[in-house]
Amino acid sequence: YYHYYYYYSYPHSRRMAASGGHREVEIRNGACHIDEKDIPQPTWETCWCPWVPGGGDMRHRVYGVNKIESTKYTLLNFFPKNLYEQCMPWLKPANFYFICIAVLQSIGSVSTTQGKPTILMPLLFVIGVTMIKDWIEDSKRREQDRAANEAKYKVYRDGKWVDLQSQQILVGDFVLIPEDGRVPCDIFVLGSGAEAGDVVFVDTKDLDGETNLKPKSVPAFMLFQFPETKGNRNSVARFSLKLSCESPEDPAFTDMGEWSGQVHISNPKPNPETDVKGVPRSKFYVNMDNFILRTCVVRNTPWVIGMATYTGEQTKIRKNNAKNQDNLKIKTSQVFRHMNYGFATMGCLQLICCFFAAVMAGVYQARLKGNSQPWGDSWYLALDDSPFLAGFQRFFTWFIICKDFLPISLYVSLEMVQFCQAKFMDWDAAMAYKDEEGEWQFAAVQTSRLNEELAQVHYVFSDKTGTLTQNRMDFKKCVIGNAQYGTKTTTAGVVRQARLKNKDVAEALRRFKEDTASAKVHPFVEFDEKERVRLDEKKGGVQAQMIQEYFYALSLNNSVFPKLKKASKKRSKKDKRAVEENLQEMEVKHDFSDPRKDVPLQLDSSSPDEKALVYFAQYMGYEVYHRSEGNVTLKRTGLDGKQNARWFEHFEDICLIDFSSKRKRMTVIVSPKFGPDKGKLKIYCKGADSYVKALLRGSKTSVAEIERVQKHLSYTFQQLEGFGGESLRTLVVASATKERSWWFGDEKTGQGGWKDKWEAAYTAKGPTAKEDLEKIETAIEKDAEMDLIGATAIEDKLQDGVPEAIKSLLEASIKIWVLTGDNVATAINIGISCNLLEADMTRDGRLFVFDDFDKKVKDLEPREMKNPEFVEAVDAEVKKLNSSIETVVSRTEQKALAEGKTSQEANAAAKAKRKFLIDDCTNRVKRSFITQKKGRVLQSKLRAAMDQVPHLKAKFPGQPLGLALHGNVWKVLQHYQSTAVEGPLVVSPKSPRASPVETGKEQEDEHSLQYLFYTLARECKSVLGCRLEPKEKAEIVKMMQRREKVTTLAIGDGNNDTVMIKTAEIGVGIRGVEGTSAVSASDYVISQFRFLTRLILVHGRLNNRRICQLVYYIFYKTSIAVWSVLFFGFYSAFSGQFPYLDWMYQLHNIAFTAMPIIIFAIFDRDIEPPALESNPYIYVWSRGPILYGFHKLLEWAIFAFLHAVICFFIPWYSFEVTSPESSGQSFGFQSTMLVVYCCVVVVTNQKLAFYAAHWNWAWHLFFWGSIAILFIAILVFSTSTLFAIGGIDYYYVGFRLFSMARFWMTLILTCGLACMLDYSRAVWVHFYPDRTRVFIEAMHLGKPVFDPDAVTVEDLKSAKSADARHNRYMGSNFSFTPNVRDAYSKKNSINA
């Protein structure tokens, strides 16, 4: 049922403005309550609103409905809107151009078709096909919208659960979503059917592409305030609360990973843990952990209840999609862009020809008017119009005739060919991969308009994890205290050692796989010293304590939610009550039997690294057994490993500071409920070595303690270097112990803890809220003063074929940059293992390494802070912000007085605030000076490296150079991307980072620090970027795009690679275990990195050649027909008389010349794919403006003109000047021009045959078939006068022509002479071959092939012998190629 309501278009904006930009949803006894003042008045705008029980519910006017519309059209507006989109010049200029031609054809005084717009036939065909395609696509979207809007859900209305459609859900409704059900709107989680009633697992694959399940939770305060609703979906009527959250109109609302709000409980219950001074807490904070977005799917949870918070077009995903659509970057190929330049060039040629014809027509009329010779006897042909007006009219007439200089068929043919090319790429069996489940995964083309751009790649930017590696982690080794455990080596280590010792890599890998076939002792674990770790733990002492802390850190510092495997769900229901009873007894007795001892647990995590760590902890007897809101339970196994020696340990989960690509670490704060540390706080941190090292405690209580810690630190990082040599992924683990007052504060002393500061920053709003939260989290971690425990080492095996693929790409002169988050040592060893770097690069000094800055560079020394320049900068900063400081200090003092504090206390607060602000100014200036200091150090290193480049090239000729840089180095380079290090710095109060003084628009300074780096990187064949954030990867790609102006390709498999993939001209996504986000953002999809070589070297090169020939051939075939008409103008006084039957002329691009070029552009190949793959150096021969460019357009235009001369004048003088009949009767221009047209069509197809290298059955069929259709069409048009148009009638002309020997002789002579031009070109190519021609000749003759670019003087000397000539084929006249000519010059200079 539907009612017709008056509906305000954006009702939320009015209410949000009144409520300070926030959305408020109030629930009273399970029902949404709205004040009448919040209901907007109806306007003239109307919409269909779904009927809901209780007609007085006006929530749809306040918040909108949950109906989505993805369609562009409706039944009423489809035709006018689609027609408008296809005909407007700024949307479809080609269609608009031909509409103008149709208008001119309709004007009788200038038309060549008696006022009939014959161009409409092909134009309407193109528009109609596009309309049908758009309608089909829109119908699919409409069907998807209908299915989503009409999906049934349980909704709580009027005290009961009712079945409603998704589009009938309103804000404030309680929605029940079963397991495997899709969430219909953005909901705030209120209840769960899980065991503890507090956890929900959701699948976000359709949202962010990640395949791992994400845990969401019911807020702990909701379970406390409304305990009767726990696990009971029929008690939602007890809910009474008000939710305040961000408005959908907030600019930051589109951030899919951020959401926060406040929940107000009207009559809160007292809770000693959260009450403040005995007053029950009524305001609670909620965040993204309690919020589920639309399109998520509930998994492994019986049901979930959520309150609809945002509906319909106001949901986060819909807002985000609309924003991304506005910022969508349309990628086009270089050939396509040059094709547009070709259109502009041919358009200018068209105007020149039209102007020439108009002038000639005016001159002709002027001479007729003046009765002058030689037209004096033709006075009756003079028009009544003036010569100027006649010439003006003829200009438009010839504009119609010359319209085919801009071929309408080019866009249609191009799209058709690119679509077919994409399908054959999808079906390529050589790029198919059989996954572990036995299913075949094929490549997928998502942007076919870039097929030819694959042949223009100069740089490949690649992620490492999941792209070069399998992203399937296995725990190998670890460091705990002063001991290193684990002896297993890695695949990358074996490859590296084999390359260093010049051994057979394949044989070394085969032996390694045989030796490690049964190395896995546990899921995701290949660790062989478990007993040694257990033995050290039994011994006791400091090492035993560190081992326990190490495994507590691995098992507690994660976001893993354990769950029963699907096969054990029935067992879980049976054991549920026993488990809950035992968990309640933990604080008193934690040594009891496990009710699930025979039930396997599955540990799911959003990170493969984290999964390997928790499974290793499980293997070592520290299993994550149960996790709920605010609680974590571990199941411990005794040191003897016996089944009966097991117990539980319970922890209070206080705070989790999650991992991010910028922080590169994860910290958890827990409190044990057992043992000597009961009631205290344990802080565990794990992360990248350099990021955790900055948080470690710097001072100890005794000299002996300092020495021990320093020794431990030195030993750990020494082992990390060894792990890096084996290409292991490493993390550092640290811990600290604190009193509860450190976090919660001390009520006795009134001293606050970190909790209030963290919650305030966590729930804050504003443009700097995220940065402020990161500052607080960093301050918390630093204040914890953690101690180093150890490190982890995980192997991520290389994919099959990666070394060979990288070697082929490098041989194809493609530079490869691997951008990863690993440390420099690990990245370098991975580079050596996968052929990115040569094994002796480090030894020879050919690898430039820019690692992280030293500790001295990262800070200012005391003497530097006493420098007058620094002091003056601080004074200037304080002086500049003095007025703002005084304002803030005054407000602080007034606020203190308003709170009832004494004037002395208020004055003290004001002084503390002033000191804080001045210290903040000092720190900003300090950071700016540190940045400048880093810049100077980096600048000296870069200049020193640049000085070494010429010496290295001279010492190691022909050997590549490499470069590796740390993410912190890139931050400094990005800071000085347009200026040099020298010069004054301006410190911005809004940003902690100093920015160089800039005048006007940012310019590329050749003396800037980033330009120095670019100059060095350009000399290197391969570059490694380490510890990089996703944003920084995209910045590097942009730098090379901006400075090199060449095509870049980015490839990755994870969500952190999407920005890089979208930034590059070509994006390639790999199907991996990290989800489909990279696949969704990419232009091409493959399953393994090794398929990239076939994608680029084979499909890219072949498609580039095909598309280039397609573009120029279509320009050629339309131009030759137009030139023949222009030549006829010399014999028709440029009157605009069209010499061809218009039906025949319209079929020129549809039937007579259309299919051969399409078949050519789909199937033709000059070199077979295996040869292209085995000889990668061929790729560079067609890269760049070699097969396209103005020189190619000019070449084809000249051939079109010359062929038109031959095709017109030979038949003209054969038939029109001399009579072909014995009677001597004139043959007529219609019949003569039909002979010309036959020659034009045959020569046009014949021209393509000279370029075809692969003649298959399809090529033969359409080549000969197109010529046959020409003659069949002539016979058809010769059968009746019904086809006559524009004064041209072919009745019986075809039959008479085909019966004449002169016609066939003329056709053969014309085609033969035209063929001689193409043959002359072929002879020139034969005697002056390029590198591709030489390669093809060698392949056909069965000779060994080689790269001419690599030819040396020794090769030329040895080529004189007979044996050498058999070994290397030099081509028919190879000495004329540029490469060998340069080599001969080099040889002569050496001899001289």
# chains A, B, ... in the order shown; residues from 1 in each chain; ligands from 1
call {"tool": "residues_around", "arguments": {"residues": "range 1101-1117 of chain A", "least_positions_apart": "6", "cutoff": "7 Å", "atoms": "only C-alpha atoms", "output": "list in words"}}
result
Val335, Pro407, Leu410, Asn451, Glu452, Glu453, Ala455, Ile1157, Ala1161, Arg1165, Tyr1179, Leu1187, Tyr1188, Leu1193, Trp1196, Ala1197, Ala1200 and Thr1244 of chain A
call {"tool": "write_last_selection", "arguments": {"atoms": "N, CA, C and O atoms", "output": "PDB file, in the first residue's frame"}}
result
ATOM      1  N   VAL A 335      46.750   7.160 -27.250  1.00  0.00           N
ATOM      2  CA  VAL A 335      46.267   7.028 -28.623  1.00  0.00           C
ATOM      3  C   VAL A 335      44.919   7.715 -28.773  1.00  0.00           C
ATOM      4  O   VAL A 335      44.657   8.404 -29.774  1.00  0.00           O
ATOM      5  N   PRO A 407      35.112  10.999 -39.372  1.00  0.00           N
ATOM      6  CA  PRO A 407      34.300   9.774 -39.524  1.00  0.00           C
ATOM      7  C   PRO A 407      33.453   9.472 -38.297  1.00  0.00           C
ATOM      8  O   PRO A 407      33.949   9.398 -37.177  1.00  0.00           O
ATOM      9  N   LEU A 410      34.275   6.000 -36.437  1.00  0.00           N
ATOM     10  CA  LEU A 410      35.493   5.739 -35.679  1.00  0.00           C
ATOM     11  C   LEU A 410      35.185   5.402 -34.225  1.00  0.00           C
ATOM     12  O   LEU A 410      35.721   4.431 -33.669  1.00  0.00           O
ATOM     13  N   ASN A 451      43.184  -0.501 -23.238  1.00  0.00           N
ATOM     14  CA  ASN A 451      43.873  -1.685 -23.765  1.00  0.00           C
ATOM     15  C   ASN A 451      45.186  -1.322 -24.444  1.00  0.00           C
ATOM     16  O   ASN A 451      46.212  -1.972 -24.238  1.00  0.00           O
ATOM     17  N   GLU A 452      45.153  -0.269 -25.265  1.00  0.00           N
ATOM     18  CA  GLU A 452      46.364   0.120 -25.991  1.00  0.00           C
ATOM     19  C   GLU A 452      47.359   0.856 -25.099  1.00  0.00           C
ATOM     20  O   GLU A 452      48.554   0.905 -25.401  1.00  0.00           O
ATOM     21  N   GLU A 453      46.881   1.418 -23.983  1.00  0.00           N
ATOM     22  CA  GLU A 453      47.782   2.140 -23.082  1.00  0.00           C
ATOM     23  C   GLU A 453      48.717   1.187 -22.354  1.00  0.00           C
ATOM     24  O   GLU A 453      49.762   1.607 -21.840  1.00  0.00           O
ATOM     25  N   ALA A 455      50.664  -0.717 -23.628  1.00  0.00           N
ATOM     26  CA  ALA A 455      51.923  -0.759 -24.376  1.00  0.00           C
ATOM     27  C   ALA A 455      52.781   0.475 -24.137  1.00  0.00           C
ATOM     28  O   ALA A 455      53.859   0.586 -24.733  1.00  0.00           O
ATOM     29  N   ILE A1157      38.629  -4.063 -41.069  1.00  0.00           N
ATOM     30  CA  ILE A1157      39.462  -3.394 -40.075  1.00  0.00           C
ATOM     31  C   ILE A1157      39.102  -3.848 -38.663  1.00  0.00           C
ATOM     32  O   ILE A1157      39.970  -3.922 -37.784  1.00  0.00           O
ATOM     33  N   ALA A1161      41.731  -5.509 -36.176  1.00  0.00           N
ATOM     34  CA  ALA A1161      42.008  -4.942 -34.859  1.00  0.00           C
ATOM     35  C   ALA A1161      41.732  -5.913 -33.722  1.00  0.00           C
ATOM     36  O   ALA A1161      42.127  -5.653 -32.579  1.00  0.00           O
ATOM     37  N   ARG A1165      48.163 -10.166 -35.541  1.00  0.00           N
ATOM     38  CA  ARG A1165      49.372 -10.122 -34.720  1.00  0.00           C
ATOM     39  C   ARG A1165      50.583 -10.350 -35.610  1.00  0.00           C
ATOM     40  O   ARG A1165      50.637 -11.291 -36.380  1.00  0.00           O
ATOM     41  N   TYR A1179      59.182  -5.073 -26.496  1.00  0.00           N
ATOM     42  CA  TYR A1179      58.137  -4.170 -25.986  1.00  0.00           C
ATOM     43  C   TYR A1179      58.487  -2.709 -26.217  1.00  0.00           C
ATOM     44  O   TYR A1179      57.644  -1.901 -26.623  1.00  0.00           O
ATOM     45  N   LEU A1187      54.071   4.249 -33.152  1.00  0.00           N
ATOM     46  CA  LEU A1187      52.966   3.793 -33.990  1.00  0.00           C
ATOM     47  C   LEU A1187      51.855   4.827 -34.093  1.00  0.00           C
ATOM     48  O   LEU A1187      50.890   4.628 -34.825  1.00  0.00           O
ATOM     49  N   TYR A1188      51.958   5.908 -33.329  1.00  0.00           N
ATOM     50  CA  TYR A1188      50.964   6.981 -33.434  1.00  0.00           C
ATOM     51  C   TYR A1188      51.692   8.315 -33.365  1.00  0.00           C
ATOM     52  O   TYR A1188      52.861   8.390 -32.989  1.00  0.00           O
ATOM     53  N   LEU A1193      49.739  10.264 -38.884  1.00  0.00           N
ATOM     54  CA  LEU A1193      48.551  10.863 -39.485  1.00  0.00           C
ATOM     55  C   LEU A1193      48.880  11.464 -40.846  1.00  0.00           C
ATOM     56  O   LEU A1193      48.121  11.301 -41.815  1.00  0.00           O
ATOM     57  N   TRP A1196      49.381   8.586 -43.500  1.00  0.00           N
ATOM     58  CA  TRP A1196      48.130   8.017 -43.991  1.00  0.00           C
ATOM     59  C   TRP A1196      47.342   9.039 -44.812  1.00  0.00           C
ATOM     60  O   TRP A1196      46.657   8.666 -45.780  1.00  0.00           O
ATOM     61  N   ALA A1197      47.424  10.307 -44.457  1.00  0.00           N
ATOM     62  CA  ALA A1197      46.712  11.340 -45.226  1.00  0.00           C
ATOM     63  C   ALA A1197      47.302  11.468 -46.626  1.00  0.00           C
ATOM     64  O   ALA A1197      46.560  11.641 -47.619  1.00  0.00           O
ATOM     65  N   ALA A1200      46.128   8.578 -48.640  1.00  0.00           N
ATOM     66  CA  ALA A1200      44.722   8.763 -49.012  1.00  0.00           C
ATOM     67  C   ALA A1200      44.603   9.689 -50.222  1.00  0.00           C
ATOM     68  O   ALA A1200      43.816   9.430 -51.153  1.00  0.00           O
ATOM     69  N   THR A1244      40.751   0.621 -50.956  1.00  0.00           N
ATOM     70  CA  THR A1244      40.696   0.801 -49.504  1.00  0.00           C
ATOM     71  C   THR A1244      40.895  -0.516 -48.768  1.00  0.00           C
ATOM     72  O   THR A1244      41.676  -0.595 -47.804  1.00  0.00           O
TER      73      THR A1244
END
call {"tool": "residues_around", "arguments": {"residues": "Asn271 in chain A", "least_positions_apart": "6", "cutoff": "10 Å", "atoms": "only C-alpha atoms", "output": "ChimeraX atom specification"}}
result
/A:221,224-225,278-281
call {"tool": "residues_around", "arguments": {"residues": "Ile1285 in chain A", "least_positions_apart": "3", "cutoff": "7 Å", "atoms": "only C-alpha atoms", "output": "ChimeraX atom specification"}}
result
/A:113,1141-1142,1288-1289
call {"tool": "residues_around", "arguments": {"residues": "Val1085 in chain A", "least_positions_apart": "3", "cutoff": "7 Å", "atoms": "only C-alpha atoms", "output": "JSON, numbers by chain"}}
result
{"A": [443, 444, 445, 1068, 1069, 1070, 1079, 1082]}
call {"tool": "select_by_dssp", "arguments": {"residues": "range 1008-1053 of chain A", "states": "helix (DSSP H, G or I)", "output": "list in words"}}
result
Leu1009, Gln1010, Tyr1011, Leu1012, Phe1013, Tyr1014, Thr1015, Leu1016, Ala1017, Arg1018, Pro1030, Lys1031, Glu1032, Lys1033, Ala1034, Glu1035, Ile1036, Val1037, Lys1038, Met1039, Met1040, Gln1041, Arg1042, Arg1043 and Glu1044 of chain A
call {"tool": "write_last_selection", "arguments": {"atoms": "N, CA and C atoms", "output": "PDB file, in the first residue's frame"}}
result
ATOM      1  N   LEU A1009      64.772  19.732  -3.055  1.00  0.00           N
ATOM      2  CA  LEU A1009      65.256  18.456  -2.531  1.00  0.00           C
ATOM      3  C   LEU A1009      64.597  17.292  -3.261  1.00  0.00           C
ATOM      4  N   GLN A1010      63.308  17.424  -3.549  1.00  0.00           N
ATOM      5  CA  GLN A1010      62.621  16.343  -4.241  1.00  0.00           C
ATOM      6  C   GLN A1010      63.139  16.174  -5.663  1.00  0.00           C
ATOM      7  N   TYR A1011      63.526  17.274  -6.294  1.00  0.00           N
ATOM      8  CA  TYR A1011      64.080  17.160  -7.649  1.00  0.00           C
ATOM      9  C   TYR A1011      65.418  16.425  -7.626  1.00  0.00           C
ATOM     10  N   LEU A1012      66.225  16.648  -6.589  1.00  0.00           N
ATOM     11  CA  LEU A1012      67.478  15.905  -6.470  1.00  0.00           C
ATOM     12  C   LEU A1012      67.202  14.406  -6.357  1.00  0.00           C
ATOM     13  N   PHE A1013      66.201  14.072  -5.533  1.00  0.00           N
ATOM     14  CA  PHE A1013      65.843  12.655  -5.392  1.00  0.00           C
ATOM     15  C   PHE A1013      65.334  12.097  -6.713  1.00  0.00           C
ATOM     16  N   TYR A1014      64.496  12.855  -7.398  1.00  0.00           N
ATOM     17  CA  TYR A1014      63.961  12.392  -8.684  1.00  0.00           C
ATOM     18  C   TYR A1014      65.090  12.158  -9.685  1.00  0.00           C
ATOM     19  N   THR A1015      66.067  13.053  -9.714  1.00  0.00           N
ATOM     20  CA  THR A1015      67.192  12.912 -10.635  1.00  0.00           C
ATOM     21  C   THR A1015      67.967  11.628 -10.353  1.00  0.00           C
ATOM     22  N   LEU A1016      68.139  11.314  -9.062  1.00  0.00           N
ATOM     23  CA  LEU A1016      68.831  10.078  -8.704  1.00  0.00           C
ATOM     24  C   LEU A1016      67.978   8.862  -9.026  1.00  0.00           C
ATOM     25  N   ALA A1017      66.695   8.916  -8.701  1.00  0.00           N
ATOM     26  CA  ALA A1017      65.807   7.768  -8.949  1.00  0.00           C
ATOM     27  C   ALA A1017      65.672   7.479 -10.432  1.00  0.00           C
ATOM     28  N   ARG A1018      65.753   8.507 -11.263  1.00  0.00           N
ATOM     29  CA  ARG A1018      65.636   8.313 -12.702  1.00  0.00           C
ATOM     30  C   ARG A1018      66.796   7.491 -13.254  1.00  0.00           C
ATOM     31  N   PRO A1030      49.663   4.520   2.729  1.00  0.00           N
ATOM     32  CA  PRO A1030      48.951   4.511   1.436  1.00  0.00           C
ATOM     33  C   PRO A1030      48.968   5.864   0.731  1.00  0.00           C
ATOM     34  N   LYS A1031      48.821   6.929   1.498  1.00  0.00           N
ATOM     35  CA  LYS A1031      48.822   8.261   0.898  1.00  0.00           C
ATOM     36  C   LYS A1031      50.180   8.570   0.286  1.00  0.00           C
ATOM     37  N   GLU A1032      51.250   8.128   0.943  1.00  0.00           N
ATOM     38  CA  GLU A1032      52.596   8.401   0.443  1.00  0.00           C
ATOM     39  C   GLU A1032      52.885   7.612  -0.831  1.00  0.00           C
ATOM     40  N   LYS A1033      52.320   6.417  -0.960  1.00  0.00           N
ATOM     41  CA  LYS A1033      52.477   5.664  -2.201  1.00  0.00           C
ATOM     42  C   LYS A1033      51.886   6.444  -3.371  1.00  0.00           C
ATOM     43  N   ALA A1034      50.704   7.019  -3.155  1.00  0.00           N
ATOM     44  CA  ALA A1034      50.075   7.807  -4.211  1.00  0.00           C
ATOM     45  C   ALA A1034      50.887   9.066  -4.512  1.00  0.00           C
ATOM     46  N   GLU A1035      51.486   9.666  -3.493  1.00  0.00           N
ATOM     47  CA  GLU A1035      52.318  10.861  -3.709  1.00  0.00           C
ATOM     48  C   GLU A1035      53.527  10.545  -4.594  1.00  0.00           C
ATOM     49  N   ILE A1036      54.128   9.377  -4.397  1.00  0.00           N
ATOM     50  CA  ILE A1036      55.270   8.983  -5.217  1.00  0.00           C
ATOM     51  C   ILE A1036      54.844   8.802  -6.675  1.00  0.00           C
ATOM     52  N   VAL A1037      53.693   8.169  -6.876  1.00  0.00           N
ATOM     53  CA  VAL A1037      53.186   8.004  -8.238  1.00  0.00           C
ATOM     54  C   VAL A1037      52.940   9.368  -8.882  1.00  0.00           C
ATOM     55  N   LYS A1038      52.342  10.280  -8.133  1.00  0.00           N
ATOM     56  CA  LYS A1038      52.071  11.618  -8.672  1.00  0.00           C
ATOM     57  C   LYS A1038      53.367  12.351  -9.018  1.00  0.00           C
ATOM     58  N   MET A1039      54.396  12.170  -8.207  1.00  0.00           N
ATOM     59  CA  MET A1039      55.669  12.826  -8.491  1.00  0.00           C
ATOM     60  C   MET A1039      56.207  12.394  -9.853  1.00  0.00           C
ATOM     61  N   MET A1040      56.200  11.093 -10.122  1.00  0.00           N
ATOM     62  CA  MET A1040      56.725  10.618 -11.386  1.00  0.00           C
ATOM     63  C   MET A1040      55.820  11.019 -12.552  1.00  0.00           C
ATOM     64  N   GLN A1041      54.519  11.078 -12.325  1.00  0.00           N
ATOM     65  CA  GLN A1041      53.623  11.544 -13.381  1.00  0.00           C
ATOM     66  C   GLN A1041      53.895  13.005 -13.715  1.00  0.00           C
ATOM     67  N   ARG A1042      54.116  13.782 -12.669  1.00  0.00           N
ATOM     68  CA  ARG A1042      54.302  15.216 -12.854  1.00  0.00           C
ATOM     69  C   ARG A1042      55.624  15.531 -13.532  1.00  0.00           C
ATOM     70  N   ARG A1043      56.646  14.783 -13.209  1.00  0.00           N
ATOM     71  CA  ARG A1043      57.985  15.109 -13.710  1.00  0.00           C
ATOM     72  C   ARG A1043      58.343  14.357 -14.985  1.00  0.00           C
ATOM     73  N   GLU A1044      57.862  13.139 -15.137  1.00  0.00           N
ATOM     74  CA  GLU A1044      58.252  12.334 -16.295  1.00  0.00           C
ATOM     75  C   GLU A1044      57.276  12.450 -17.464  1.00  0.00           C
TER      76      GLU A1044
END
